[in-house]
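Below is one structure, written out as structure tokens; comments come after it.
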Amino acid sequence: MNEAIYRKVVVKVGTNVITNDRGELDLQILDLLVRQLTELRRIGVEILLVSSGAVGAGRSLVRLPANVSPVASRQVLSSTGQIRLINTYADLFGQKGITIAQILVTKSDFRDRLHYLNIRTCLASLLEHDIIPVINENDAVSVTELMFTDNDELSGMIASMMQVDAYIILSHVDGLFDLSLDKKSPALISRIDIATEHFHQYIKPGKSDFGRGGMLTKCHIAHKLARFGITVHIANGRTPGILPDILGGKEVGTTFVAQKPVHGRKRWIAHSEGLEKGAVAINAGAESALRSSARANSLLPVGIESVIGTFFKGDIIKICSENGNAIGYGMAQYSSEQTKKLLGKKGEKPLIHYDYLYLEV
Ligand code: GLU
């Protein structure tokens with residue numbers, strides 16, 4: 001391989017790809033992956049690797065009695081297994097002369113803009129010094145409601161934080177299959193252009209979500225990132241040569257085609273689910289003004305019906321529609337107290353400026 005179609009990528013490998021039937025690390029697959037990543041590095045591709053498998057690796061190290069709580073079990077298995085996982089990567093990459101770094105994060109690390117920027121600077125410095133960051137959730141301490149849904153979500157956040165060219169999700173399936181027609185052998189969808197089609201058309205309710213980290217979550221994240229200007233590939237990590245194939249421009253797996261890139265702050269705000277400090281409910285008129293494609297509208301107090309919780313200037317808040325559904329997130333320009341005073345008033349300063357506003361589709 002001499003040339004790649006991307007300059008900077010996030011590669012996410014799932015537990016199912018790198019563990020065997022007994023749930024232990026599959027050294028052969030890991031070796032193949034490291035070889036492929038080395039090949040990409042050799043031609044100048046910058047790589048951020050997000051790897052699951054800590055809990056899986058922990059299972060082969062520690063036997064826990066059945067009465068241990070799920071939280072304690074995840075803490076013990078991940079904290080012991082992460083050492084095995086990272087040492088395996090360090091050995092395999094070390095044999096190729098590549099240095100790696102271990103970065104463990106929790107979802108709350110992404111809450112505060114300054115903290116977020118610190119992580120970004122750290123990852124950028126590692127890349128600058130030719131070190132591959134190997135990232136995972138800090139499962140040992142992230143046990144609250146502030147956990148990532150799964151590593152697909154974590155990797156999506158890293159991909160948009162680092163504004164990579166592509167986010168590659170390596171799973172144990174070949175991609176998204178068209179389940180809408182109920183065929184015996186459904187066809188693989190090779191490209192989704194989110195400007196003209198939605199992945200929902202290929203999904204059959206109740207049939208496509210294989211639980212935590214399932215295809216539905218992957219597609220949701222892929223759709224979101226494609227909106228930000230990042231191409232997403234979902235492919236089978238066990239297929240030999242899959243990474244050089246993708247970066248060589250071959251049509252493998254499912255590709256979510258990227259749209260125009262979105263501003264950095266909006267990308268940060270878009271990943272705020274569960275991190276908000278408060279919320280506002282807005283009326284239908286305000287919702288349609290925000291969704292108007294003709295103009296870039298900010299959220300004004302005149303369209304706000306109620307304020308939930310306490311927030312201050314600079315906090316991320318959730319925007320709910322009249323029926324209570326979350327429709328987006330934004331950064332408040334003033335506090336909840338101030339907002340309450342301005343509710344329904346015309347001609348006031350926006351609570352959320354358009355540049356700090358993200359709406360779900
Ligand atoms: N962080 C978990 C682990 O390393 C995996 C989470 C996931 O599979 O999405 O075991």
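In the structure tokens, chains take the letters A, B, ... in the order shown, each chain's residues start at 1, and ligands count up from 1 in the order shown.
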So that I can see what lies close to Val280 in chain A, please list as a short mmCIF file (atom, residue, chain, number, x, y, z; two decimals) with C-alpha atoms, in the first residue's frame the residues with an atom at most 7 Å from it, counting only C-alpha atoms and leaving out residues fewer than 5 positions away in the same chain.
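Final output, result_9.cif:
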data_model
loop_
_atom_site.label_atom_id
_atom_site.label_comp_id
_atom_site.auth_asym_id
_atom_site.auth_seq_id
_atom_site.Cartn_x
_atom_site.Cartn_y
_atom_site.Cartn_z
CA ILE A 304 -39.33 29.37 26.01
CA SER A 306 -40.40 26.67 31.16
CA VAL A 307 -37.03 26.21 32.84
CA ILE A 308 -35.95 22.96 34.51
CA LYS A 318 -30.96 20.50 27.03
CA ILE A 319 -33.72 21.85 24.79
CA CYS A 320 -37.04 20.02 24.99
#
Item to complete: Please check which protein, DNA or RNA residues sit within 9 Å of ligand 1, counting only C-alpha atoms and all ligand atoms, and write them as a ChimeraX atom specification.
Response: /A:13-16,51-58,74,77-78,81-82,85,136-139,148-154,212-213
Just-selected residues, C-alpha atoms written as a PDB file, in the first residue's frame:
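And here's result_16.pdb as it stands now:
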ATOM      1  CA  VAL A  13     -12.152  -2.272  17.827  1.00  0.00           C
ATOM      2  CA  GLY A  14     -14.914  -4.042  19.696  1.00  0.00           C
ATOM      3  CA  THR A  15     -14.581  -6.763  22.310  1.00  0.00           C
ATOM      4  CA  ASN A  16     -16.154  -9.263  19.886  1.00  0.00           C
ATOM      5  CA  SER A  51      -9.964  -0.536  22.013  1.00  0.00           C
ATOM      6  CA  SER A  52     -12.477  -2.404  24.119  1.00  0.00           C
ATOM      7  CA  GLY A  53     -11.581  -5.697  25.705  1.00  0.00           C
ATOM      8  CA  ALA A  54     -10.504  -4.736  29.233  1.00  0.00           C
ATOM      9  CA  VAL A  55     -13.385  -6.552  30.899  1.00  0.00           C
ATOM     10  CA  GLY A  56     -12.883  -9.507  28.537  1.00  0.00           C
ATOM     11  CA  ALA A  57      -9.172  -9.699  29.359  1.00  0.00           C
ATOM     12  CA  GLY A  58      -9.977  -9.422  33.077  1.00  0.00           C
ATOM     13  CA  ARG A  74     -16.942  -4.584  36.075  1.00  0.00           C
ATOM     14  CA  LEU A  77     -12.362  -7.114  35.705  1.00  0.00           C
ATOM     15  CA  SER A  78     -11.669  -3.876  33.841  1.00  0.00           C
ATOM     16  CA  GLY A  81      -7.848  -6.612  32.365  1.00  0.00           C
ATOM     17  CA  GLN A  82      -6.830  -3.169  31.113  1.00  0.00           C
ATOM     18  CA  LEU A  85      -4.895  -5.367  27.156  1.00  0.00           C
ATOM     19  CA  ASN A 136     -10.616   3.113  26.487  1.00  0.00           C
ATOM     20  CA  GLU A 137     -13.256   4.109  28.989  1.00  0.00           C
ATOM     21  CA  ASN A 138     -11.984   4.228  32.569  1.00  0.00           C
ATOM     22  CA  ASP A 139     -14.466   1.485  33.490  1.00  0.00           C
ATOM     23  CA  PHE A 148     -20.661   6.112  27.912  1.00  0.00           C
ATOM     24  CA  THR A 149     -23.376   4.052  26.241  1.00  0.00           C
ATOM     25  CA  ASP A 150     -20.476   2.005  24.872  1.00  0.00           C
ATOM     26  CA  ASN A 151     -17.108   2.497  23.187  1.00  0.00           C
ATOM     27  CA  ASP A 152     -18.848   3.414  19.909  1.00  0.00           C
ATOM     28  CA  GLU A 153     -20.052   6.567  21.641  1.00  0.00           C
ATOM     29  CA  LEU A 154     -16.648   7.258  23.219  1.00  0.00           C
ATOM     30  CA  ARG A 212     -25.349  -2.476  24.084  1.00  0.00           C
ATOM     31  CA  GLY A 213     -23.079  -1.428  21.249  1.00  0.00           C
TER      32      GLY A 213
END
Review point. Any idea what's packed within 8 Å of Ala332 in chain A, counting only C-alpha atoms, ignoring anything in its chain fewer than 4 positions away? Could you give it as a ChimeraX atom specification?
Key: /A:311-317,351-352
Using only C-alpha atoms, which protein or nucleic acid residues come within 12 Å of Thr196 in chain A? Drop anything in the same chain fewer than 5 positions from it, and give the result as a list in words.
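So the residues in contact are Arg191, Gln201, Phe256, Val257 and Gln259 of chain A.
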Store the residues of this selection in a file with all heavy atoms, as a PDB file, in the first residue's frame.
ATOM      1  N   ARG A 191     -23.289   1.998   0.895  1.00  0.00           N
ATOM      2  CA  ARG A 191     -23.138   3.449   1.092  1.00  0.00           C
ATOM      3  C   ARG A 191     -24.421   4.061   1.569  1.00  0.00           C
ATOM      4  O   ARG A 191     -25.505   3.721   1.061  1.00  0.00           O
ATOM      5  CB  ARG A 191     -22.837   4.108  -0.261  1.00  0.00           C
ATOM      6  CG  ARG A 191     -21.400   4.243  -0.593  1.00  0.00           C
ATOM      7  CD  ARG A 191     -21.307   4.676  -2.033  1.00  0.00           C
ATOM      8  NE  ARG A 191     -21.453   6.134  -2.149  1.00  0.00           N
ATOM      9  CZ  ARG A 191     -20.444   6.982  -2.022  1.00  0.00           C
ATOM     10  NH1 ARG A 191     -19.237   6.521  -1.772  1.00  0.00           N
ATOM     11  NH2 ARG A 191     -20.621   8.271  -2.146  1.00  0.00           N
ATOM     12  N   GLN A 201     -34.495   3.265   7.189  1.00  0.00           N
ATOM     13  CA  GLN A 201     -35.243   2.534   6.168  1.00  0.00           C
ATOM     14  C   GLN A 201     -34.768   1.082   6.025  1.00  0.00           C
ATOM     15  O   GLN A 201     -35.484   0.253   5.489  1.00  0.00           O
ATOM     16  CB  GLN A 201     -35.179   3.270   4.823  1.00  0.00           C
ATOM     17  CG  GLN A 201     -33.825   3.249   4.145  1.00  0.00           C
ATOM     18  CD  GLN A 201     -33.721   4.312   3.057  1.00  0.00           C
ATOM     19  OE1 GLN A 201     -33.607   5.501   3.308  1.00  0.00           O
ATOM     20  NE2 GLN A 201     -33.785   3.858   1.810  1.00  0.00           N
ATOM     21  N   PHE A 256     -20.863   5.646   5.695  1.00  0.00           N
ATOM     22  CA  PHE A 256     -21.744   6.809   5.841  1.00  0.00           C
ATOM     23  C   PHE A 256     -20.979   7.997   5.267  1.00  0.00           C
ATOM     24  O   PHE A 256     -19.935   8.378   5.798  1.00  0.00           O
ATOM     25  CB  PHE A 256     -22.086   7.069   7.316  1.00  0.00           C
ATOM     26  CG  PHE A 256     -23.116   6.131   7.877  1.00  0.00           C
ATOM     27  CD1 PHE A 256     -22.810   4.814   8.155  1.00  0.00           C
ATOM     28  CD2 PHE A 256     -24.418   6.573   8.125  1.00  0.00           C
ATOM     29  CE1 PHE A 256     -23.766   3.947   8.678  1.00  0.00           C
ATOM     30  CE2 PHE A 256     -25.378   5.717   8.647  1.00  0.00           C
ATOM     31  CZ  PHE A 256     -25.050   4.397   8.927  1.00  0.00           C
ATOM     32  N   VAL A 257     -21.500   8.529   4.173  1.00  0.00           N
ATOM     33  CA  VAL A 257     -20.775   9.586   3.449  1.00  0.00           C
ATOM     34  C   VAL A 257     -20.847  10.913   4.216  1.00  0.00           C
ATOM     35  O   VAL A 257     -21.914  11.327   4.664  1.00  0.00           O
ATOM     36  CB  VAL A 257     -21.389   9.760   2.042  1.00  0.00           C
ATOM     37  CG1 VAL A 257     -20.616  10.799   1.239  1.00  0.00           C
ATOM     38  CG2 VAL A 257     -21.432   8.430   1.316  1.00  0.00           C
ATOM     39  N   GLN A 259     -20.871  14.870   5.206  1.00  0.00           N
ATOM     40  CA  GLN A 259     -21.356  16.147   4.693  1.00  0.00           C
ATOM     41  C   GLN A 259     -20.324  17.227   4.999  1.00  0.00           C
ATOM     42  O   GLN A 259     -19.231  16.932   5.462  1.00  0.00           O
ATOM     43  CB  GLN A 259     -22.689  16.475   5.342  1.00  0.00           C
ATOM     44  CG  GLN A 259     -23.787  15.521   4.917  1.00  0.00           C
ATOM     45  CD  GLN A 259     -25.139  16.015   5.371  1.00  0.00           C
ATOM     46  OE1 GLN A 259     -25.312  16.395   6.516  1.00  0.00           O
ATOM     47  NE2 GLN A 259     -26.089  16.008   4.463  1.00  0.00           N
TER      48      GLN A 259
END
So which bits of range 286-336 of chain A end up strand (DSSP E or B) when you DSSP the backbone, as number ranges by chain?
A: 299, 304-308, 316-320, 326-331
Suppose we keep all heavy atoms; can you now write the selection as a compact mmCIF listing (two decimals), in the first residue's frame?
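Wrote it out as result_35.txt, contents follow:
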# COMPACT_ATOMS: atom_id res chain seq x y z
N LEU A 299 -31.92 30.64 19.93
CA LEU A 299 -33.10 30.41 20.79
C LEU A 299 -33.36 31.65 21.66
O LEU A 299 -32.55 32.00 22.52
CB LEU A 299 -32.87 29.17 21.67
CG LEU A 299 -33.99 28.89 22.68
CD1 LEU A 299 -35.32 28.61 21.96
CD2 LEU A 299 -33.65 27.72 23.59
N ILE A 304 -39.57 30.32 24.91
CA ILE A 304 -39.33 29.37 26.01
C ILE A 304 -40.55 29.30 26.93
O ILE A 304 -41.08 30.33 27.34
CB ILE A 304 -38.06 29.78 26.82
CG1 ILE A 304 -36.85 29.82 25.87
CG2 ILE A 304 -37.81 28.81 27.97
CD1 ILE A 304 -35.58 30.33 26.52
N GLU A 305 -40.98 28.07 27.20
CA GLU A 305 -42.17 27.86 28.04
C GLU A 305 -41.81 27.68 29.51
O GLU A 305 -42.47 28.19 30.38
CB GLU A 305 -42.89 26.59 27.58
CG GLU A 305 -43.35 26.62 26.15
CD GLU A 305 -44.73 27.23 26.02
OE1 GLU A 305 -45.68 26.58 26.48
OE2 GLU A 305 -44.85 28.35 25.46
N SER A 306 -40.76 26.90 29.76
CA SER A 306 -40.40 26.67 31.16
C SER A 306 -38.91 26.33 31.30
O SER A 306 -38.25 25.99 30.32
CB SER A 306 -41.24 25.52 31.73
OG SER A 306 -41.00 24.36 30.98
N VAL A 307 -38.44 26.45 32.54
CA VAL A 307 -37.03 26.21 32.84
C VAL A 307 -36.95 25.06 33.85
O VAL A 307 -37.71 25.03 34.82
CB VAL A 307 -36.40 27.48 33.47
CG1 VAL A 307 -34.95 27.24 33.87
CG2 VAL A 307 -36.51 28.66 32.51
N ILE A 308 -36.08 24.10 33.60
CA ILE A 308 -35.95 22.96 34.51
C ILE A 308 -34.51 22.94 35.06
O ILE A 308 -33.56 23.00 34.28
CB ILE A 308 -36.24 21.62 33.77
CG1 ILE A 308 -37.64 21.69 33.12
CG2 ILE A 308 -36.17 20.41 34.69
CD1 ILE A 308 -37.68 21.42 31.67
N ILE A 316 -23.94 23.81 29.66
CA ILE A 316 -24.67 23.15 28.57
C ILE A 316 -26.06 22.79 29.07
O ILE A 316 -26.21 22.23 30.17
CB ILE A 316 -23.93 21.86 28.14
CG1 ILE A 316 -22.55 22.18 27.58
CG2 ILE A 316 -24.76 21.07 27.11
CD1 ILE A 316 -22.53 22.97 26.31
N ILE A 317 -27.08 23.12 28.29
CA ILE A 317 -28.44 22.78 28.70
C ILE A 317 -29.15 22.01 27.57
O ILE A 317 -28.76 22.09 26.41
CB ILE A 317 -29.27 24.03 29.09
CG1 ILE A 317 -29.35 25.04 27.94
CG2 ILE A 317 -28.70 24.69 30.34
CD1 ILE A 317 -30.32 26.18 28.21
N LYS A 318 -30.18 21.29 27.99
CA LYS A 318 -30.96 20.50 27.03
C LYS A 318 -32.14 21.33 26.55
O LYS A 318 -32.70 22.11 27.33
CB LYS A 318 -31.44 19.23 27.75
CG LYS A 318 -32.25 18.30 26.89
CD LYS A 318 -32.25 16.90 27.47
CE LYS A 318 -33.23 16.76 28.63
NZ LYS A 318 -33.28 15.40 29.15
N ILE A 319 -32.53 21.16 25.30
CA ILE A 319 -33.72 21.85 24.79
C ILE A 319 -34.78 20.79 24.54
O ILE A 319 -34.54 19.79 23.85
CB ILE A 319 -33.42 22.57 23.45
CG1 ILE A 319 -32.20 23.48 23.62
CG2 ILE A 319 -34.62 23.36 22.96
CD1 ILE A 319 -31.61 23.94 22.30
N CYS A 320 -35.95 21.00 25.16
CA CYS A 320 -37.04 20.02 24.99
C CYS A 320 -38.17 20.66 24.19
O CYS A 320 -38.41 21.85 24.28
CB CYS A 320 -37.59 19.59 26.34
SG CYS A 320 -36.37 18.76 27.34
N ALA A 326 -36.36 15.47 24.11
CA ALA A 326 -35.13 16.25 23.92
C ALA A 326 -34.93 16.47 22.43
O ALA A 326 -34.95 15.52 21.64
CB ALA A 326 -33.95 15.47 24.48
N ILE A 327 -34.76 17.73 22.02
CA ILE A 327 -34.55 17.97 20.58
C ILE A 327 -33.16 18.54 20.30
O ILE A 327 -32.75 18.65 19.17
CB ILE A 327 -35.63 18.91 19.99
CG1 ILE A 327 -35.67 20.25 20.73
CG2 ILE A 327 -36.99 18.24 19.98
CD1 ILE A 327 -36.42 21.32 19.95
N GLY A 328 -32.44 18.92 21.36
CA GLY A 328 -31.10 19.44 21.11
C GLY A 328 -30.41 19.91 22.37
O GLY A 328 -30.94 19.74 23.48
N TYR A 329 -29.24 20.49 22.18
CA TYR A 329 -28.42 20.97 23.29
C TYR A 329 -27.79 22.31 22.90
O TYR A 329 -27.64 22.61 21.72
CB TYR A 329 -27.31 19.96 23.60
CG TYR A 329 -27.88 18.65 24.08
CD1 TYR A 329 -28.27 17.67 23.16
CD2 TYR A 329 -28.09 18.42 25.43
CE1 TYR A 329 -28.86 16.50 23.58
CE2 TYR A 329 -28.67 17.23 25.87
CZ TYR A 329 -29.06 16.28 24.94
OH TYR A 329 -29.64 15.12 25.36
N GLY A 330 -27.45 23.10 23.91
CA GLY A 330 -26.81 24.38 23.59
C GLY A 330 -26.13 24.94 24.82
O GLY A 330 -26.29 24.43 25.94
N MET A 331 -25.33 26.00 24.60
CA MET A 331 -24.65 26.62 25.73
C MET A 331 -25.43 27.87 26.14
O MET A 331 -25.70 28.75 25.31
CB MET A 331 -23.22 27.01 25.34
CG MET A 331 -22.42 27.47 26.55
SD MET A 331 -20.91 28.27 26.06
CE MET A 331 -19.89 26.87 25.77
- [ ] Considering only C-alpha atoms, return as a PyMOL selection string whatever protein or nucleic-acid residues lie within 9 Å of range 34-42 of chain A, sequence-local ones (same chain, fewer than 3 positions apart) excluded.
- [x] chain A and resi 1+3-4+29-31+45-47+89+92-93+96+98+130+241-244+247
Write out, as a PDB file, in the first residue's frame, the residues just selected, with N, CA, C and O atoms.
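Saved as selection_34.pdb:
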ATOM      1  N   MET A   1       0.848  -1.198   0.000  1.00  0.00           N
ATOM      2  CA  MET A   1       0.000   0.000   0.000  1.00  0.00           C
ATOM      3  C   MET A   1       0.890   1.257   0.000  1.00  0.00           C
ATOM      4  O   MET A   1       1.790   1.379   0.816  1.00  0.00           O
ATOM      5  N   GLU A   3      -0.513   4.652  -0.744  1.00  0.00           N
ATOM      6  CA  GLU A   3      -1.239   5.889  -0.475  1.00  0.00           C
ATOM      7  C   GLU A   3      -2.561   5.588   0.200  1.00  0.00           C
ATOM      8  O   GLU A   3      -3.178   4.564  -0.080  1.00  0.00           O
ATOM      9  N   ALA A   4      -2.987   6.501   1.085  1.00  0.00           N
ATOM     10  CA  ALA A   4      -4.269   6.283   1.769  1.00  0.00           C
ATOM     11  C   ALA A   4      -5.212   7.444   1.441  1.00  0.00           C
ATOM     12  O   ALA A   4      -4.758   8.560   1.180  1.00  0.00           O
ATOM     13  N   ILE A  29      -5.587 -12.340  16.187  1.00  0.00           N
ATOM     14  CA  ILE A  29      -6.330 -11.212  15.592  1.00  0.00           C
ATOM     15  C   ILE A  29      -5.643  -9.896  15.976  1.00  0.00           C
ATOM     16  O   ILE A  29      -5.475  -9.001  15.142  1.00  0.00           O
ATOM     17  N   LEU A  30      -5.250  -9.793  17.248  1.00  0.00           N
ATOM     18  CA  LEU A  30      -4.590  -8.559  17.685  1.00  0.00           C
ATOM     19  C   LEU A  30      -3.315  -8.318  16.877  1.00  0.00           C
ATOM     20  O   LEU A  30      -3.036  -7.195  16.451  1.00  0.00           O
ATOM     21  N   ASP A  31      -2.579  -9.397  16.621  1.00  0.00           N
ATOM     22  CA  ASP A  31      -1.349  -9.275  15.841  1.00  0.00           C
ATOM     23  C   ASP A  31      -1.670  -8.798  14.420  1.00  0.00           C
ATOM     24  O   ASP A  31      -1.009  -7.907  13.884  1.00  0.00           O
ATOM     25  N   VAL A  45      -0.351   7.787   7.897  1.00  0.00           N
ATOM     26  CA  VAL A  45      -1.702   8.001   8.443  1.00  0.00           C
ATOM     27  C   VAL A  45      -1.599   8.183   9.965  1.00  0.00           C
ATOM     28  O   VAL A  45      -0.911   7.409  10.638  1.00  0.00           O
ATOM     29  N   GLU A  46      -2.264   9.212  10.493  1.00  0.00           N
ATOM     30  CA  GLU A  46      -2.289   9.408  11.951  1.00  0.00           C
ATOM     31  C   GLU A  46      -3.433   8.559  12.505  1.00  0.00           C
ATOM     32  O   GLU A  46      -4.556   8.624  12.006  1.00  0.00           O
ATOM     33  N   ILE A  47      -3.114   7.791  13.567  1.00  0.00           N
ATOM     34  CA  ILE A  47      -4.111   6.833  14.080  1.00  0.00           C
ATOM     35  C   ILE A  47      -4.403   7.076  15.550  1.00  0.00           C
ATOM     36  O   ILE A  47      -3.491   7.211  16.367  1.00  0.00           O
ATOM     37  N   TYR A  89      -0.934  -4.724  23.541  1.00  0.00           N
ATOM     38  CA  TYR A  89      -0.720  -3.740  22.470  1.00  0.00           C
ATOM     39  C   TYR A  89       0.713  -3.201  22.513  1.00  0.00           C
ATOM     40  O   TYR A  89       1.358  -3.043  21.473  1.00  0.00           O
ATOM     41  N   LEU A  92       3.049  -5.820  21.020  1.00  0.00           N
ATOM     42  CA  LEU A  92       2.898  -6.017  19.571  1.00  0.00           C
ATOM     43  C   LEU A  92       3.381  -4.791  18.784  1.00  0.00           C
ATOM     44  O   LEU A  92       4.076  -4.914  17.785  1.00  0.00           O
ATOM     45  N   PHE A  93       2.996  -3.590  19.244  1.00  0.00           N
ATOM     46  CA  PHE A  93       3.460  -2.386  18.541  1.00  0.00           C
ATOM     47  C   PHE A  93       4.961  -2.188  18.762  1.00  0.00           C
ATOM     48  O   PHE A  93       5.665  -1.737  17.860  1.00  0.00           O
ATOM     49  N   LYS A  96       7.241  -3.625  16.388  1.00  0.00           N
ATOM     50  CA  LYS A  96       7.308  -2.909  15.091  1.00  0.00           C
ATOM     51  C   LYS A  96       7.985  -1.540  15.274  1.00  0.00           C
ATOM     52  O   LYS A  96       7.934  -0.683  14.395  1.00  0.00           O
ATOM     53  N   ILE A  98       6.977   0.836  17.326  1.00  0.00           N
ATOM     54  CA  ILE A  98       6.008   1.930  17.543  1.00  0.00           C
ATOM     55  C   ILE A  98       5.687   2.064  19.033  1.00  0.00           C
ATOM     56  O   ILE A  98       5.433   1.074  19.724  1.00  0.00           O
ATOM     57  N   ASP A 130       4.461  11.031  17.073  1.00  0.00           N
ATOM     58  CA  ASP A 130       4.423   9.698  16.453  1.00  0.00           C
ATOM     59  C   ASP A 130       4.070   8.575  17.420  1.00  0.00           C
ATOM     60  O   ASP A 130       4.541   7.446  17.275  1.00  0.00           O
ATOM     61  N   GLY A 241      -6.887  -7.842   6.206  1.00  0.00           N
ATOM     62  CA  GLY A 241      -6.564  -6.667   5.381  1.00  0.00           C
ATOM     63  C   GLY A 241      -7.664  -5.622   5.307  1.00  0.00           C
ATOM     64  O   GLY A 241      -7.656  -4.776   4.412  1.00  0.00           O
ATOM     65  N   ILE A 242      -8.579  -5.641   6.266  1.00  0.00           N
ATOM     66  CA  ILE A 242      -9.731  -4.733   6.176  1.00  0.00           C
ATOM     67  C   ILE A 242      -9.304  -3.255   6.220  1.00  0.00           C
ATOM     68  O   ILE A 242      -9.860  -2.425   5.479  1.00  0.00           O
ATOM     69  N   LEU A 243      -8.328  -2.918   7.059  1.00  0.00           N
ATOM     70  CA  LEU A 243      -7.954  -1.497   7.178  1.00  0.00           C
ATOM     71  C   LEU A 243      -7.257  -0.971   5.918  1.00  0.00           C
ATOM     72  O   LEU A 243      -7.664   0.074   5.394  1.00  0.00           O
ATOM     73  N   PRO A 244      -6.251  -1.672   5.379  1.00  0.00           N
ATOM     74  CA  PRO A 244      -5.674  -1.206   4.112  1.00  0.00           C
ATOM     75  C   PRO A 244      -6.731  -1.147   2.997  1.00  0.00           C
ATOM     76  O   PRO A 244      -6.681  -0.254   2.157  1.00  0.00           O
ATOM     77  N   LEU A 247      -8.730   2.115   3.681  1.00  0.00           N
ATOM     78  CA  LEU A 247      -7.916   3.320   3.411  1.00  0.00           C
ATOM     79  C   LEU A 247      -7.364   3.349   1.988  1.00  0.00           C
ATOM     80  O   LEU A 247      -6.898   4.386   1.521  1.00  0.00           O
TER      81      LEU A 247
END
Please list as an MDAnalysis selection string every residue within 12 Å of Arg113 in chain A, counting only C-alpha atoms and excluding residues in the same chain fewer than 2 positions away.
chainID A and resid 108:111 115:120 161 264:269 271:272 275 314:316 331
Going by DSSP on the backbone, which residues of range 40-213 of chain A come out as alpha helix (DSSP H)? List them as a VMD selection string.
chain A and resid 40 to 42 54 to 59 70 to 95 113 to 128 151 to 161
_Here is a test: counting only C-alpha atoms, which residue of A:His172, A:His129, A:Lys107, A:Lys8 is nearest to Val143 in chain A?_
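For Val143 in chain A, the nearest of the given residues is A:Lys107.
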Between A:Ile131, A:Leu49, A:Ser171, A:Val232, smallest distance to Gly94 in chain A by only C-alpha atoms belongs to A:Ile131
Closest of A:Leu357, A:Ile234, A:Val252, A:Ala140 to Ser73 in chain A, counting only C-alpha atoms, is A:Ala140
